[in-house]
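Here is the file query-v3.txt (compact mmCIF, C-alpha atoms (C1' of nucleotides)).
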# COMPACT_ATOMS: atom_id res chain seq x y z
CA MET B 1 0.00 0.00 0.00
CA SER B 2 1.84 3.03 -1.20
CA SER B 3 0.79 6.65 -0.84
CA TYR B 4 -0.05 6.66 -4.50
CA ASP B 5 -2.75 4.06 -4.04
CA ARG B 6 -4.53 6.53 -1.77
CA ILE B 7 -4.33 9.15 -4.47
CA TYR B 8 -6.01 6.87 -6.96
CA ALA B 9 -8.66 6.01 -4.40
CA ILE B 10 -9.46 9.68 -3.93
CA VAL B 11 -9.46 10.55 -7.60
CA ARG B 12 -11.75 7.60 -8.24
CA GLN B 13 -14.22 9.16 -5.82
CA ILE B 14 -14.54 12.39 -7.76
CA PRO B 15 -18.13 12.46 -9.00
CA TYR B 16 -19.14 12.99 -12.60
CA GLY B 17 -19.13 16.58 -13.75
CA GLN B 18 -16.94 17.78 -10.89
CA VAL B 19 -13.25 18.49 -10.53
CA ALA B 20 -10.64 18.66 -7.79
CA THR B 21 -7.31 20.41 -7.45
CA TYR B 22 -4.03 18.60 -6.83
CA GLY B 23 -3.80 20.19 -3.43
CA GLN B 24 -7.25 19.03 -2.48
CA VAL B 25 -6.63 15.48 -3.60
CA ALA B 26 -3.35 15.51 -1.73
CA GLU B 27 -5.04 16.59 1.46
CA LEU B 28 -7.79 14.00 1.16
CA ALA B 29 -5.11 11.39 0.58
CA ASP B 30 -3.26 12.31 3.76
CA LEU B 31 -0.57 13.95 1.67
CA ALA B 32 -1.20 17.59 2.56
CA GLY B 33 1.47 19.81 1.09
CA ARG B 34 2.59 17.17 -1.33
CA ALA B 35 0.41 18.30 -4.23
CA ARG B 36 3.34 17.72 -6.52
CA LEU B 37 3.32 14.05 -5.73
CA VAL B 38 -0.31 13.85 -6.79
CA GLY B 39 0.41 15.27 -10.19
CA TYR B 40 3.50 13.19 -10.55
CA ALA B 41 1.72 10.05 -9.41
CA LEU B 42 -1.05 10.58 -11.94
CA PHE B 43 1.44 11.23 -14.69
CA ARG B 44 3.33 8.04 -13.85
CA VAL B 45 0.47 5.69 -13.25
CA SER B 46 -2.75 7.08 -14.64
CA PRO B 47 -2.18 5.48 -18.06
CA LEU B 48 -2.07 2.19 -16.23
CA GLN B 49 -5.08 2.96 -14.06
CA ASP B 50 -7.75 3.36 -16.68
CA ASP B 51 -10.37 3.41 -13.95
CA VAL B 52 -8.97 6.64 -12.54
CA PRO B 53 -10.59 9.82 -13.92
CA TRP B 54 -7.32 11.74 -13.98
CA HIS B 55 -8.89 14.34 -16.25
CA ARG B 56 -10.96 15.58 -13.29
CA VAL B 57 -7.82 16.70 -11.48
CA ILE B 58 -6.59 20.20 -12.28
CA ASN B 59 -4.30 22.82 -10.76
CA ALA B 60 -5.23 25.51 -8.21
CA LYS B 61 -5.71 28.08 -10.94
CA GLY B 62 -8.59 26.12 -12.37
CA GLU B 63 -6.55 25.47 -15.46
CA ILE B 64 -5.55 22.23 -17.06
CA SER B 65 -1.93 21.26 -16.62
CA GLU B 66 -0.76 19.10 -19.44
CA SER B 67 2.63 17.71 -20.10
CA PRO B 68 4.29 18.07 -23.52
CA PHE B 69 5.09 14.37 -23.25
CA ARG B 70 1.50 13.31 -22.81
CA ASN B 71 0.26 10.85 -25.39
CA GLY B 72 -0.40 13.56 -27.97
CA GLY B 73 -3.80 14.14 -26.35
CA ASP B 74 -3.18 17.80 -25.69
CA TYR B 75 -6.75 18.94 -25.35
CA LEU B 76 -8.09 15.48 -24.58
CA GLN B 77 -8.54 16.37 -20.94
CA ARG B 78 -10.56 19.45 -21.79
CA SER B 79 -12.74 17.47 -24.17
CA LEU B 80 -13.47 14.91 -21.49
CA LEU B 81 -14.46 17.59 -19.00
CA GLU B 82 -16.63 19.37 -21.51
CA SER B 83 -18.32 16.04 -22.14
CA GLU B 84 -19.21 15.98 -18.48
CA GLY B 85 -20.83 19.39 -18.67
CA VAL B 86 -17.96 21.46 -17.29
CA GLN B 87 -17.94 24.95 -18.73
CA PHE B 88 -14.65 26.58 -19.67
CA SER B 89 -13.93 30.30 -19.58
CA PRO B 90 -12.75 32.04 -22.76
CA THR B 91 -9.25 31.78 -21.32
CA GLY B 92 -9.68 28.04 -20.82
CA LYS B 93 -10.22 28.21 -17.10
CA ILE B 94 -12.81 26.41 -15.00
CA SER B 95 -14.99 28.00 -12.31
CA LEU B 96 -13.61 26.15 -9.35
CA SER B 97 -16.12 27.81 -7.04
CA HIS B 98 -18.82 26.04 -9.03
CA TYR B 99 -17.34 22.74 -10.20
CA ARG B 100 -14.91 22.01 -7.37
CA TRP B 101 -15.68 18.71 -5.67
CA GLN B 102 -16.69 19.33 -2.09
CA PRO B 103 -16.76 16.09 -0.07
CA ASP B 104 -18.71 16.09 3.15
C1' DT J 1 25.00 7.77 -3.34
C1' DG J 2 23.89 12.41 -4.99
C1' DC J 3 22.04 15.95 -8.16
C1' DT J 4 18.35 17.37 -11.39
C1' DT J 5 13.72 17.61 -12.76
C1' DG J 6 8.66 17.66 -12.51
C1' DA J 7 0.39 17.37 -14.23
C1' DC J 8 1.82 21.76 -7.83
C1' DT J 9 0.70 25.25 -3.92
C1' DT J 10 1.13 29.29 -1.23
C1' DT J 11 2.85 33.66 0.21
C1' DA J 12 4.88 37.94 -0.94
C1' DC J 13 6.11 42.17 -3.92
C1' DA N 1 -2.89 41.60 -12.23
C1' DG N 2 1.75 38.76 -13.20
C1' DT N 3 6.29 37.22 -11.44
C1' DA N 4 9.48 35.05 -7.89
C1' DA N 5 10.97 32.03 -4.40
C1' DA N 6 10.59 28.30 -1.08
C1' DG N 7 8.65 23.75 0.42
C1' DC N 8 7.72 18.93 -0.89
C1' DC N 9 8.61 13.82 -2.39
C1' DA N 10 9.75 10.34 -5.90
C1' DA N 11 11.94 8.72 -10.08
C1' DG N 12 15.83 8.89 -13.48
C1' DC N 13 20.72 9.12 -14.54
Let's see the structure in the file written out as structure tokens.
Amino acid sequence: MSSYDRIYAIVRQIPYGQVATYGQVAELADLAGRARLVGYALFRVSPLQDDVPWHRVINAKGEISESPFRNGGDYLQRSLLESEGVQFSPTGKISLSHYRWQPD
DNA sequence: TGCTTGACTTTAC
DNA sequence: AGTAAAGCCAAGC
């Protein structure tokens, strides 16, 4: 049981049509302050964990952080979110105050 | 074994 | 408002 497994568990709990920031996921996964690990963990393992909705995890700015080395799917993440009904601002930002996942 | 890099966050100017 | 620096942990070389 590594810390990463907790991250996947949290991400898997993000409901449809909602998003969460790296920092939030980190905190829920008992990894407060280690937001970087969340992003890194997803980058390393998400392709292997097809049951993890990694596209619902974004940065604190409400923007999508994509890596130039991602599988060519540059705007894939955005497309997936739009498919779930998430509205993007003209600048490509998401209204966190409205779509942010707020667990009880 | 040790340094560099990276899907980040927060505070400060 | 945009930019800068520090804190964090793991993987790659």
With a cut-off of 9 Å and counting all atoms listed in the file, select all residues of chain B in contact with chain N and give the selection as a PyMOL selection string.
chain B and resi 33-37+40-41
Taking the point (-4.3, 14.5, 2.6) as given in the file, collect each protein or nucleic acid residue that comes within 12 Å of it, counting only C-alpha atoms (C1' of nucleotides), and present the set as number ranges by chain.
B: 3-4, 6-7, 9-10, 22-35, 37-38
At most 9 Å to chain B: residues in chain J, only C-alpha atoms (C1' of nucleotides), as a list in words:
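My answer is DG6, DA7, DC8 and DT9 of chain J.
The two atoms in question, CA of Asp50 in chain B and CA of Glu82 in chain B, are spaced 18.9 Å apart.
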Coordinates-based distance that separates CA of Phe88 in chain B from C1' of DT10 in chain J (Å, one decimal)
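So the two atoms, C1' of DT10 in chain J and CA of Phe88 in chain B, lie 24.4 Å apart.
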